[in-house]
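Text of structure-v2.pdb (PDB, C-alpha atoms) as supplied:
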ATOM      1  CA  MET A 293      -7.327  19.895   6.804
ATOM      2  CA  GLU A 294      -7.878  17.738   3.750
ATOM      3  CA  TYR A 295      -8.219  13.953   3.799
ATOM      4  CA  ARG A 296      -6.868  11.316   1.472
ATOM      5  CA  ILE A 297      -7.571   7.655   0.821
ATOM      6  CA  LEU A 298      -4.853   5.373   2.189
ATOM      7  CA  GLY A 299      -3.685   3.326  -0.788
ATOM      8  CA  SER A 300      -6.315   1.024  -2.239
ATOM      9  CA  THR A 301      -8.343   0.920   0.996
ATOM     10  CA  GLY A 302     -11.391   3.026   1.750
ATOM     11  CA  LEU A 303      -9.720   4.525   4.839
ATOM     12  CA  LYS A 304      -9.580   8.331   4.907
ATOM     13  CA  VAL A 305      -6.624   9.886   6.706
ATOM     14  CA  SER A 306      -5.568  13.496   7.210
ATOM     15  CA  GLU A 307      -2.982  14.767   4.740
ATOM     16  CA  LEU A 308      -0.623  15.335   7.678
ATOM     17  CA  CYS A 309       0.080  12.442  10.037
ATOM     18  CA  LEU A 310       1.175  13.207  13.597
ATOM     19  CA  GLY A 311       4.282  11.263  14.588
ATOM     20  CA  THR A 312       4.964  10.592  18.265
ATOM     21  CA  MET A 313       8.657   9.682  18.361
ATOM     22  CA  GLN A 314       9.400  12.763  20.484
ATOM     23  CA  PHE A 315       6.822  11.847  23.141
ATOM     24  CA  GLY A 316       8.554  10.826  26.346
ATOM     25  CA  TRP A 317      11.884  11.923  24.843
ATOM     26  CA  THR A 318      12.168  15.609  23.931
ATOM     27  CA  ALA A 319       8.481  16.260  24.729
ATOM     28  CA  ASP A 320       7.264  15.496  28.239
ATOM     29  CA  GLU A 321       3.858  14.008  28.943
ATOM     30  CA  GLU A 322       1.966  17.285  29.377
ATOM     31  CA  THR A 323       3.488  18.778  26.238
ATOM     32  CA  SER A 324       2.590  15.609  24.346
ATOM     33  CA  TYR A 325      -1.044  15.925  25.454
ATOM     34  CA  THR A 326      -1.129  19.536  24.274
ATOM     35  CA  VAL A 327       0.341  18.623  20.899
ATOM     36  CA  LEU A 328      -2.143  15.755  20.474
ATOM     37  CA  THR A 329      -5.145  17.895  21.390
ATOM     38  CA  THR A 330      -4.123  20.796  19.169
ATOM     39  CA  ALA A 331      -3.475  18.443  16.254
ATOM     40  CA  ALA A 332      -6.897  16.837  16.681
ATOM     41  CA  GLU A 333      -8.588  20.246  16.846
ATOM     42  CA  ALA A 334      -6.832  21.155  13.597
ATOM     43  CA  GLY A 335      -8.322  18.101  11.883
ATOM     44  CA  ILE A 336      -5.471  15.587  12.105
ATOM     45  CA  ASN A 337      -7.025  12.148  12.516
ATOM     46  CA  PHE A 338      -3.930  10.059  11.701
ATOM     47  CA  ILE A 339      -1.406   9.332  14.491
ATOM     48  CA  ASP A 340       1.712   7.200  14.086
ATOM     49  CA  THR A 341       3.693   5.606  16.906
ATOM     50  CA  ALA A 342       5.788   2.489  17.619
ATOM     51  CA  ASP A 343       6.343   0.150  20.535
ATOM     52  CA  ILE A 344      10.059   0.996  20.785
ATOM     53  CA  TYR A 345       9.513   4.768  21.212
ATOM     54  CA  SER A 346      11.456   5.995  23.368
ATOM     55  CA  ARG A 347      13.464   2.943  24.360
ATOM     56  CA  TRP A 348      16.746   4.694  23.500
ATOM     57  CA  VAL A 349      16.346   7.017  26.498
ATOM     58  CA  GLU A 350      18.374   5.740  29.457
ATOM     59  CA  GLY A 351      16.190   3.819  31.876
ATOM     60  CA  ASN A 352      13.271   3.705  29.438
ATOM     61  CA  PRO A 353      11.889   0.201  28.738
ATOM     62  CA  GLY A 354      10.068   1.304  25.578
ATOM     63  CA  GLY A 355       6.379   1.761  24.956
ATOM     64  CA  VAL A 356       6.355   5.265  26.445
ATOM     65  CA  ALA A 357       4.913   7.023  23.388
ATOM     66  CA  GLU A 358       2.166   4.384  23.103
ATOM     67  CA  THR A 359       1.404   4.803  26.815
ATOM     68  CA  ILE A 360       1.116   8.590  26.495
ATOM     69  CA  LEU A 361      -1.130   8.203  23.450
ATOM     70  CA  GLY A 362      -3.315   5.685  25.311
ATOM     71  CA  LYS A 363      -3.724   8.016  28.293
ATOM     72  CA  TRP A 364      -4.652  10.863  25.970
ATOM     73  CA  LEU A 365      -7.281   8.734  24.235
ATOM     74  CA  LYS A 366      -8.825   7.999  27.624
ATOM     75  CA  LYS A 367      -9.173  11.725  28.288
ATOM     76  CA  GLY A 368     -11.984  11.743  25.728
ATOM     77  CA  VAL A 369     -10.736  14.648  23.623
ATOM     78  CA  VAL A 370     -11.784  12.547  20.642
ATOM     79  CA  ARG A 371     -13.719   9.316  20.418
ATOM     80  CA  ARG A 372     -11.663   6.262  19.539
ATOM     81  CA  HIS A 373     -13.400   5.768  16.183
ATOM     82  CA  GLN A 374     -12.530   9.328  15.143
ATOM     83  CA  VAL A 375      -8.785   8.680  14.964
ATOM     84  CA  VAL A 376      -6.630   6.308  12.940
ATOM     85  CA  ILE A 377      -3.953   4.849  15.199
ATOM     86  CA  ALA A 378      -0.858   3.340  13.570
ATOM     87  CA  THR A 379       1.885   1.559  15.470
ATOM     88  CA  LYS A 380       4.797  -0.736  14.637
ATOM     89  CA  VAL A 381       6.484  -3.986  15.630
ATOM     90  CA  ARG A 382      10.011  -5.330  15.101
ATOM     91  CA  GLY A 383      12.340  -3.640  17.580
ATOM     92  CA  ARG A 384      13.765  -5.098  20.773
ATOM     93  CA  MET A 385      11.367  -4.828  23.723
ATOM     94  CA  GLY A 386      13.192  -7.017  26.227
ATOM     95  CA  ASP A 387      16.398  -8.894  26.952
ATOM     96  CA  GLY A 388      15.340 -12.322  25.696
ATOM     97  CA  PRO A 389      16.267 -13.828  22.327
ATOM     98  CA  ASN A 390      12.623 -13.671  21.168
ATOM     99  CA  ASP A 391      11.955 -10.118  22.339
ATOM    100  CA  GLU A 392      12.516  -8.663  18.874
ATOM    101  CA  GLY A 393      11.927  -9.532  15.225
ATOM    102  CA  ASN A 394       9.048 -10.404  12.937
ATOM    103  CA  SER A 395       8.417 -13.963  14.119
ATOM    104  CA  ARG A 396       4.902 -15.107  14.915
ATOM    105  CA  ARG A 397       5.776 -15.300  18.594
ATOM    106  CA  HIS A 398       7.135 -11.784  18.826
ATOM    107  CA  ILE A 399       4.344 -10.228  16.768
ATOM    108  CA  LEU A 400       1.590 -11.830  18.870
ATOM    109  CA  ASN A 401       3.320 -10.852  22.104
ATOM    110  CA  ALA A 402       4.025  -7.338  20.850
ATOM    111  CA  VAL A 403       0.496  -6.619  19.694
ATOM    112  CA  ARG A 404      -0.860  -7.488  23.141
ATOM    113  CA  GLY A 405       1.580  -5.048  24.680
ATOM    114  CA  SER A 406       0.670  -2.295  22.228
ATOM    115  CA  LEU A 407      -3.070  -2.792  22.768
ATOM    116  CA  ARG A 408      -2.572  -2.620  26.528
ATOM    117  CA  ARG A 409      -0.490   0.556  26.399
ATOM    118  CA  LEU A 410      -2.811   2.226  23.873
ATOM    119  CA  GLN A 411      -5.810   1.214  26.005
ATOM    120  CA  THR A 412      -7.759   0.125  22.946
ATOM    121  CA  ASP A 413      -9.085  -3.172  21.616
ATOM    122  CA  TYR A 414      -7.896  -2.644  18.034
ATOM    123  CA  ILE A 415      -5.114  -1.026  16.034
ATOM    124  CA  ASP A 416      -6.065   0.657  12.770
ATOM    125  CA  LEU A 417      -2.704   0.190  11.046
ATOM    126  CA  TYR A 418      -0.084  -2.303  12.284
ATOM    127  CA  GLN A 419       3.261  -1.932  10.550
ATOM    128  CA  ILE A 420       6.424  -4.002  10.303
ATOM    129  CA  HIS A 421       9.042  -1.466  11.380
ATOM    130  CA  TRP A 422      11.858  -2.944   9.297
ATOM    131  CA  PRO A 423      12.678  -6.368   7.790
ATOM    132  CA  ASP A 424      13.864  -9.354   9.809
ATOM    133  CA  GLU A 425      16.392 -11.511   7.954
ATOM    134  CA  ASP A 426      15.881 -14.383  10.421
ATOM    135  CA  THR A 427      12.148 -14.796   9.753
ATOM    136  CA  SER A 428      10.435 -15.747   6.509
ATOM    137  CA  ILE A 429       7.952 -13.247   5.154
ATOM    138  CA  GLU A 430       5.391 -16.075   5.044
ATOM    139  CA  GLU A 431       5.543 -16.475   8.820
ATOM    140  CA  THR A 432       5.244 -12.733   9.345
ATOM    141  CA  LEU A 433       2.292 -12.313   6.992
ATOM    142  CA  CYS A 434       0.453 -15.350   8.368
ATOM    143  CA  ALA A 435       0.682 -13.866  11.875
ATOM    144  CA  LEU A 436      -0.536 -10.484  10.632
ATOM    145  CA  ASP A 437      -3.357 -12.119   8.685
ATOM    146  CA  ASP A 438      -4.558 -13.827  11.866
ATOM    147  CA  LEU A 439      -4.614 -10.464  13.643
ATOM    148  CA  VAL A 440      -6.672  -8.910  10.851
ATOM    149  CA  ARG A 441      -9.105 -11.830  10.816
ATOM    150  CA  GLY A 442      -9.321 -11.710  14.612
ATOM    151  CA  GLY A 443     -10.156  -7.996  14.635
ATOM    152  CA  GLN A 444      -7.185  -6.816  16.689
ATOM    153  CA  VAL A 445      -5.794  -5.091  13.583
ATOM    154  CA  ARG A 446      -7.665  -3.390  10.729
ATOM    155  CA  TYR A 447      -4.885  -2.897   8.152
ATOM    156  CA  ILE A 448      -1.211  -3.804   7.867
ATOM    157  CA  GLY A 449       1.759  -1.935   6.438
ATOM    158  CA  CYS A 450       5.542  -1.858   6.428
ATOM    159  CA  SER A 451       8.390   0.581   6.899
ATOM    160  CA  ASN A 452      11.970   0.663   5.641
ATOM    161  CA  PHE A 453      11.408  -2.156   3.121
ATOM    162  CA  PRO A 454      13.504  -2.169  -0.064
ATOM    163  CA  ALA A 455      11.572  -2.675  -3.303
ATOM    164  CA  TRP A 456      12.439  -6.354  -3.674
ATOM    165  CA  ARG A 457      11.224  -7.202  -0.175
ATOM    166  CA  LEU A 458       8.031  -5.224  -0.688
ATOM    167  CA  MET A 459       7.349  -7.054  -3.954
ATOM    168  CA  GLN A 460       8.075 -10.387  -2.282
ATOM    169  CA  ALA A 461       5.580  -9.594   0.474
ATOM    170  CA  LEU A 462       2.884  -8.562  -2.004
ATOM    171  CA  TRP A 463       3.473 -11.739  -4.014
ATOM    172  CA  VAL A 464       3.235 -13.983  -0.929
ATOM    173  CA  SER A 465       0.016 -12.279   0.188
ATOM    174  CA  ASP A 466      -1.476 -12.777  -3.261
ATOM    175  CA  ARG A 467      -0.356 -16.402  -3.564
ATOM    176  CA  ARG A 468      -1.396 -17.396  -0.028
ATOM    177  CA  LYS A 469      -4.582 -15.249   0.036
ATOM    178  CA  LEU A 470      -3.307 -13.343   3.079
ATOM    179  CA  ALA A 471      -3.876  -9.768   4.214
ATOM    180  CA  ARG A 472      -1.458  -7.571   2.289
ATOM    181  CA  PHE A 473       0.461  -4.424   3.073
ATOM    182  CA  THR A 474      -1.704  -1.399   2.336
ATOM    183  CA  CYS A 475       1.008   1.215   2.779
ATOM    184  CA  LEU A 476       4.719   1.889   2.992
ATOM    185  CA  GLN A 477       6.485   4.193   5.438
ATOM    186  CA  PRO A 478       9.764   5.199   3.738
ATOM    187  CA  HIS A 479      12.509   7.621   4.689
ATOM    188  CA  TYR A 480      11.806  10.350   2.161
ATOM    189  CA  ASN A 481      12.319  14.074   1.899
ATOM    190  CA  LEU A 482      13.606  16.718  -0.504
ATOM    191  CA  ILE A 483      17.270  15.917   0.233
ATOM    192  CA  HIS A 484      16.841  12.147   0.531
ATOM    193  CA  ARG A 485      15.014  11.198  -2.656
ATOM    194  CA  GLN A 486      16.732   8.439  -4.582
ATOM    195  CA  GLU A 487      16.127   5.548  -2.182
ATOM    196  CA  TYR A 488      12.370   5.949  -2.563
ATOM    197  CA  GLU A 489      12.055   7.332  -6.080
ATOM    198  CA  ARG A 490      14.397   4.843  -7.775
ATOM    199  CA  GLU A 491      12.069   1.822  -7.386
ATOM    200  CA  LEU A 492       9.752   2.034  -4.389
ATOM    201  CA  GLU A 493       7.616   4.836  -5.790
ATOM    202  CA  ALA A 494       6.751   2.798  -8.899
ATOM    203  CA  VAL A 495       5.870  -0.248  -6.777
ATOM    204  CA  CYS A 496       3.558   1.793  -4.564
ATOM    205  CA  GLN A 497       1.818   3.474  -7.488
ATOM    206  CA  THR A 498       1.463   0.251  -9.492
ATOM    207  CA  TYR A 499       0.067  -1.819  -6.625
ATOM    208  CA  GLY A 500      -1.966   0.867  -4.889
ATOM    209  CA  LEU A 501      -0.011   1.323  -1.674
ATOM    210  CA  GLY A 502      -0.352   4.435   0.413
ATOM    211  CA  VAL A 503       2.872   6.291   1.228
ATOM    212  CA  ILE A 504       3.438   7.937   4.624
ATOM    213  CA  PRO A 505       7.031   9.240   4.626
ATOM    214  CA  TYR A 506       8.911   9.737   7.860
ATOM    215  CA  SER A 507      11.486  12.495   8.419
ATOM    216  CA  PRO A 508       9.903  14.812   5.810
ATOM    217  CA  LEU A 509      11.956  17.685   7.255
ATOM    218  CA  ALA A 510      15.226  15.709   7.279
ATOM    219  CA  GLY A 511      15.532  15.625  11.039
ATOM    220  CA  GLY A 512      15.002  19.372  11.255
ATOM    221  CA  PHE A 513      17.534  20.297   8.576
ATOM    222  CA  LEU A 514      14.760  21.478   6.240
ATOM    223  CA  THR A 515      13.547  24.012   8.781
ATOM    224  CA  GLY A 516      16.516  26.276   7.984
ATOM    225  CA  LYS A 517      17.862  26.285  11.549
ATOM    226  CA  TYR A 518      21.360  25.237  10.496
ATOM    227  CA  GLU A 519      23.776  27.585   8.750
ATOM    228  CA  ARG A 520      26.485  26.754   6.280
ATOM    229  CA  GLY A 521      29.943  26.810   7.847
ATOM    230  CA  VAL A 522      28.537  27.140  11.378
ATOM    231  CA  THR A 523      29.005  24.285  13.855
ATOM    232  CA  PRO A 524      25.643  23.159  15.297
ATOM    233  CA  PRO A 525      25.155  24.057  18.969
ATOM    234  CA  ALA A 526      26.227  21.459  21.521
ATOM    235  CA  GLU A 527      23.439  19.022  22.449
ATOM    236  CA  SER A 528      21.474  19.956  19.314
ATOM    237  CA  ARG A 529      20.298  17.228  16.988
ATOM    238  CA  GLY A 530      22.720  18.461  14.365
ATOM    239  CA  SER A 531      25.661  17.953  16.704
ATOM    240  CA  MET A 532      24.691  14.334  17.393
ATOM    241  CA  SER A 533      23.182  13.102  14.119
ATOM    242  CA  LYS A 534      25.658  11.644  11.636
ATOM    243  CA  ARG A 535      23.027  11.977   8.922
ATOM    244  CA  ILE A 536      22.632  15.724   9.481
ATOM    245  CA  GLN A 537      26.395  16.136   9.631
ATOM    246  CA  THR A 538      26.594  14.381   6.257
ATOM    247  CA  TYR A 539      23.993  16.778   4.870
ATOM    248  CA  MET A 540      26.081  19.718   6.073
ATOM    249  CA  GLN A 541      29.073  18.537   4.033
ATOM    250  CA  ASP A 542      27.164  18.312   0.730
ATOM    251  CA  ASP A 543      27.116  21.428  -1.481
ATOM    252  CA  ARG A 544      23.995  20.185  -3.304
ATOM    253  CA  VAL A 545      22.093  20.025  -0.033
ATOM    254  CA  TRP A 546      22.903  23.649   0.758
ATOM    255  CA  GLU A 547      21.926  24.683  -2.756
ATOM    256  CA  THR A 548      18.590  22.918  -2.339
ATOM    257  CA  LEU A 549      18.032  24.595   1.019
ATOM    258  CA  ALA A 550      18.856  28.001  -0.494
ATOM    259  CA  LYS A 551      16.307  27.468  -3.288
ATOM    260  CA  LEU A 552      13.718  26.327  -0.745
ATOM    261  CA  ARG A 553      14.378  29.457   1.323
ATOM    262  CA  THR A 554      13.989  31.726  -1.704
ATOM    263  CA  LEU A 555      10.669  30.153  -2.694
ATOM    264  CA  ALA A 556       9.417  30.235   0.900
ATOM    265  CA  GLU A 557      10.175  33.940   1.287
ATOM    266  CA  ALA A 558       8.445  34.706  -2.012
ATOM    267  CA  GLN A 559       5.335  32.809  -0.916
ATOM    268  CA  GLY A 560       5.253  34.147   2.638
ATOM    269  CA  ARG A 561       5.821  30.646   3.965
ATOM    270  CA  THR A 562       8.374  29.058   6.263
ATOM    271  CA  ILE A 563      11.034  26.750   4.866
ATOM    272  CA  SER A 564       9.525  23.737   6.627
ATOM    273  CA  GLN A 565       6.072  24.490   5.196
ATOM    274  CA  MET A 566       7.495  24.581   1.683
ATOM    275  CA  ALA A 567       9.342  21.291   2.275
ATOM    276  CA  LEU A 568       6.090  19.697   3.442
ATOM    277  CA  GLY A 569       4.221  21.326   0.554
ATOM    278  CA  TRP A 570       6.635  19.675  -1.877
ATOM    279  CA  GLN A 571       5.707  16.272  -0.430
ATOM    280  CA  LEU A 572       1.998  17.053  -0.399
ATOM    281  CA  THR A 573       2.230  17.897  -4.099
ATOM    282  CA  ARG A 574       4.015  14.651  -5.022
ATOM    283  CA  PRO A 575       1.288  12.374  -6.511
ATOM    284  CA  SER A 576       2.473   9.204  -4.777
ATOM    285  CA  VAL A 577       2.555  10.641  -1.239
ATOM    286  CA  THR A 578      -0.467  10.143   1.003
ATOM    287  CA  SER A 579       0.473  11.765   4.294
ATOM    288  CA  PRO A 580       3.900  12.945   5.513
ATOM    289  CA  ILE A 581       4.585  12.192   9.171
ATOM    290  CA  ILE A 582       5.384  15.357  11.117
ATOM    291  CA  GLY A 583       7.151  14.959  14.466
ATOM    292  CA  PRO A 584       6.800  18.171  16.504
ATOM    293  CA  ARG A 585       8.179  18.302  20.024
ATOM    294  CA  SER A 586       6.429  21.578  20.869
ATOM    295  CA  LEU A 587       3.254  23.488  20.129
ATOM    296  CA  GLU A 588       5.276  26.057  18.153
ATOM    297  CA  GLN A 589       6.659  23.387  15.845
ATOM    298  CA  LEU A 590       3.196  21.875  15.413
ATOM    299  CA  ASP A 591       1.672  25.258  14.525
ATOM    300  CA  ASP A 592       4.361  25.770  11.891
ATOM    301  CA  ASN A 593       3.774  22.290  10.418
ATOM    302  CA  LEU A 594       0.006  22.830  10.345
ATOM    303  CA  GLY A 595       0.616  25.850   8.121
ATOM    304  CA  ALA A 596       1.445  23.392   5.321
ATOM    305  CA  ALA A 597      -2.046  21.891   5.311
ATOM    306  CA  GLY A 598      -3.627  22.425   1.917
ATOM    307  CA  LEU A 599      -0.389  23.729   0.396
ATOM    308  CA  ARG A 600       0.275  22.658  -3.189
ATOM    309  CA  LEU A 601       3.297  23.942  -5.090
ATOM    310  CA  SER A 602       3.014  25.166  -8.652
ATOM    311  CA  PRO A 603       4.473  23.021 -11.469
ATOM    312  CA  ASP A 604       7.234  25.615 -11.924
ATOM    313  CA  HIS A 605       8.206  25.527  -8.252
ATOM    314  CA  MET A 606       8.119  21.720  -8.217
ATOM    315  CA  GLU A 607      10.397  21.624 -11.240
ATOM    316  CA  GLU A 608      12.862  24.082  -9.681
ATOM    317  CA  LEU A 609      13.110  22.071  -6.461
ATOM    318  CA  GLU A 610      13.299  18.691  -8.137
ATOM    319  CA  GLN A 611      15.883  19.777 -10.666
ATOM    320  CA  ILE A 612      18.263  21.072  -8.022
ATOM    321  CA  SER A 613      17.782  18.057  -5.719
ATOM    322  CA  GLN A 614      17.462  15.294  -8.310
ATOM    323  CA  GLU A 615      20.690  13.497  -7.352
ATOM    324  CA  LEU A 616      20.110  13.575  -3.592
TER     325      LEU A 616
END
Show me the file's structure as structure tokens.
Amino acid sequence: MEYRILGSTGLKVSELCLGTMQFGWTADEETSYTVLTTAAEAGINFIDTADIYSRWVEGNPGGVAETILGKWLKKGVVRRHQVVIATKVRGRMGDGPNDEGNSRRHILNAVRGSLRRLQTDYIDLYQIHWPDEDTSIEETLCALDDLVRGGQVRYIGCSNFPAWRLMQALWVSDRRKLARFTCLQPHYNLIHRQEYERELEAVCQTYGLGVIPYSPLAGGFLTGKYERGVTPPAESRGSMSKRIQTYMQDDRVWETLAKLRTLAEAQGRTISQMALGWQLTRPSVTSPIIGPRSLEQLDDNLGAAGLRLSPDHMEELEQISQEL
């Protein structure tokens, strides 16, 4: 496992980040522990979660993934200082009008809940999950700055921010002398490129932000498990995800997948490893967030560690997917 500097900080994170969205959802607690331990043994020191994981499961109040991660940390497989824990705030965590958003009140309440569930006294990277149109960015950044100064949080970042909001946040931090976002977590993969590459990539490179893309395998589409013209099995992610169903209707997506498959077979790699290798070769990407729900999926993802595609292979993939 190789390590990279996160943006303009001095923080070193593994080139693959372990995402925990499946914990308490498609991966039960024991499976989650196994995935965490195996990832740590493989050298992954960067773990991403969020307070709302897995609130969408019926009867789940949220915070389950953080709770599982906190219990695992207490098992002593690794020492707390050996891992970089990232979590997020923004989503609804209760029924009250102030139980969501990026207001000072919600952020300060949410961070206490995350610290309690994670069973730690600090969070390495605290991220705004997505923008809040009802709260000024000044209020949000002032609250985050207080957390950094108070030691509860080491670094701050954001996710799902358009370029103009990211620039606004960087400008406010500079003008007000506040802690600034050190990284961006965008939706980015080989068949979902334009949203990030059109403007966000230049912002991140110009201002030294780390980039930790989520959904690098397009919700499982870039594993090759779906076939053209074949209806996804009932209860599969492909049968329920509108995004994946949209992918399946786009000829360019299938052409990209076919090229990825050809290159993978020639290199003795899996399709998912080549898709991750493409991201690991992109100069602006720090650490793609993998989200395995089983040990088998994790082992496959780990096979991408250290993989760098040749300039010719990068050009082939980017040419065929350039409009996606």
Residues of region 576-600 of chain A at most 8 Å from region 499-508 of chain A: nearest atom pair and distance in Å, all atoms listed in the file, as a Markdown table:
| residue | atom | partner | partner_atom | distance |
| --- | --- | --- | --- | --- |
| A:Ser576 | CA | A:Val503 | CA | 6.7 |
| A:Val577 | CA | A:Val503 | CA | 5.0 |
| A:Thr578 | CA | A:Val503 | CA | 5.1 |
| A:Ser579 | CA | A:Ile504 | CA | 4.9 |
| A:Pro580 | CA | A:Pro505 | CA | 4.9 |
| A:Ile581 | CA | A:Tyr506 | CA | 5.1 |
| A:Ile582 | CA | A:Pro508 | CA | 7.0 |
| A:Gly583 | CA | A:Ser507 | CA | 7.8 |
#### Entry: Near-Asp416 (chain A) list (7 Å; only C-alpha atoms; drop same-chain fewer than 2 positions) as a list in words
Val376, Ile377, Ala378, Tyr414, Tyr418, Val445, Arg446 and Tyr447 of chain A
Restricting the output to C-alpha atoms, write the selected residues as an mmCIF file, in the frame of the given file.
data_model
loop_
_atom_site.group_PDB
_atom_site.id
_atom_site.type_symbol
_atom_site.label_atom_id
_atom_site.label_comp_id
_atom_site.auth_asym_id
_atom_site.auth_seq_id
_atom_site.Cartn_x
_atom_site.Cartn_y
_atom_site.Cartn_z
ATOM 1 C CA VAL A 376 -6.630 6.308 12.940
ATOM 2 C CA ILE A 377 -3.953 4.849 15.199
ATOM 3 C CA ALA A 378 -0.858 3.340 13.570
ATOM 4 C CA TYR A 414 -7.896 -2.644 18.034
ATOM 5 C CA TYR A 418 -0.084 -2.303 12.284
ATOM 6 C CA VAL A 445 -5.794 -5.091 13.583
ATOM 7 C CA ARG A 446 -7.665 -3.390 10.729
ATOM 8 C CA TYR A 447 -4.885 -2.897 8.152
#
#### Entry: Hits of the PyMOL selection byres ((chain A and resi 356) around 9) in this structure, as a PyMOL selection string
chain A and resi 315-317+343-347+352-355+357-361+409
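Between CA of Thr301 (chain A) and CA of Ala471 (chain A) lies a distance of 12.0 Å.
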### Query
Any idea what's packed within 8 Å of Val327 (chain A), counting only C-alpha atoms, ignoring anything in its chain fewer than 3 positions away? Could you give it as a PyMOL selection string?
chain A and resi 323-324+330-331+584-587+590
### Message
What would the selection look like, as a count of residues only, if the PyMOL selection byres ((chain A and resi 474) around 7) were run on the coordinates I just shared?
### Response
10
### Task
For CA of Pro454 (chain A) and CA of Ile429 (chain A), quote the distance in Å rounded to one decimal.
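For CA of Pro454 (chain A) relative to CA of Ile429 (chain A), the distance reads 13.4 Å.
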For the interface of region 419-499 of chain A with region 612-616 of chain A (cut-off 9 Å, counting all atoms listed in the file), please tabulate each contacting residue of region 419-499 of chain A alongside its nearest pair of atoms and their separation in Å to one decimal, rows sorted by chain and increasing number, as a tab-separated table.
residue	atom	partner	partner_atom	distance
A:Leu482	CA	A:Ser613	CA	6.8
A:Ile483	CA	A:Leu616	CA	5.3
A:His484	CA	A:Leu616	CA	5.5
A:Arg485	CA	A:Leu616	CA	5.7
A:Gln486	CA	A:Leu616	CA	6.2
Find the residues around Lys367 (chain A) up to 12 Å (all atoms listed in the file counted), leave out those fewer than 3 positions away in its own chain, and share them as an mmCIF file with C-alpha atoms, keeping the file's coordinate frame.
data_model
loop_
_atom_site.group_PDB
_atom_site.id
_atom_site.type_symbol
_atom_site.label_atom_id
_atom_site.label_comp_id
_atom_site.auth_asym_id
_atom_site.auth_seq_id
_atom_site.Cartn_x
_atom_site.Cartn_y
_atom_site.Cartn_z
ATOM 1 C CA TYR A 325 -1.044 15.925 25.454
ATOM 2 C CA THR A 326 -1.129 19.536 24.274
ATOM 3 C CA LEU A 328 -2.143 15.755 20.474
ATOM 4 C CA THR A 329 -5.145 17.895 21.390
ATOM 5 C CA ILE A 360 1.116 8.590 26.495
ATOM 6 C CA LEU A 361 -1.130 8.203 23.450
ATOM 7 C CA GLY A 362 -3.315 5.685 25.311
ATOM 8 C CA LYS A 363 -3.724 8.016 28.293
ATOM 9 C CA TRP A 364 -4.652 10.863 25.970
ATOM 10 C CA VAL A 370 -11.784 12.547 20.642
ATOM 11 C CA ARG A 371 -13.719 9.316 20.418
ATOM 12 C CA ARG A 372 -11.663 6.262 19.539
ATOM 13 C CA GLN A 411 -5.810 1.214 26.005
#
### Point-to-point distance from CA of Ala550 (chain A) to CA of Glu487 (chain A), Å rounded to tenths
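So the answer is 22.7 Å.
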### Task
Run through the PyMOL selection byres ((chain A and resi 458-466) around 9) on the given coordinates and return the selected residues as a ChimeraX atom specification.
/A:429-430,433-434,450,453-457,467-473,476,492,495,499
#### Entry: Asp424 (chain A) environment, 8 Å, only C-alpha atoms, sequence neighbours closer than 4 positions dropped, as JSON, numbers by chain
{"A": [382, 393, 394, 428]}
Written-out region 470-490 of chain A (C-alpha atoms) as a tab-separated table (two decimals), in the first residue's frame:
chain	number	residue	atom	x	y	z
A	470	LEU	CA	-10.68	30.54	9.39
A	471	ALA	CA	-9.77	26.88	8.98
A	472	ARG	CA	-10.27	25.99	5.33
A	473	PHE	CA	-11.38	22.90	3.48
A	474	THR	CA	-8.39	20.65	2.85
A	475	CYS	CA	-10.15	18.20	0.55
A	476	LEU	CA	-13.17	17.55	-1.63
A	477	GLN	CA	-15.18	14.33	-1.84
A	478	PRO	CA	-16.82	14.36	-5.30
A	479	HIS	CA	-18.91	11.82	-7.17
A	480	TYR	CA	-16.36	10.75	-9.76
A	481	ASN	CA	-15.65	7.69	-11.83
A	482	LEU	CA	-14.85	6.65	-15.40
A	483	ILE	CA	-18.48	6.99	-16.55
A	484	HIS	CA	-19.29	10.08	-14.48
A	485	ARG	CA	-16.51	12.51	-15.34
A	486	GLN	CA	-17.77	15.88	-16.48
A	487	GLU	CA	-19.21	17.14	-13.19
A	488	TYR	CA	-15.78	16.95	-11.57
A	489	GLU	CA	-13.46	17.55	-14.50
A	490	ARG	CA	-15.28	20.58	-15.94
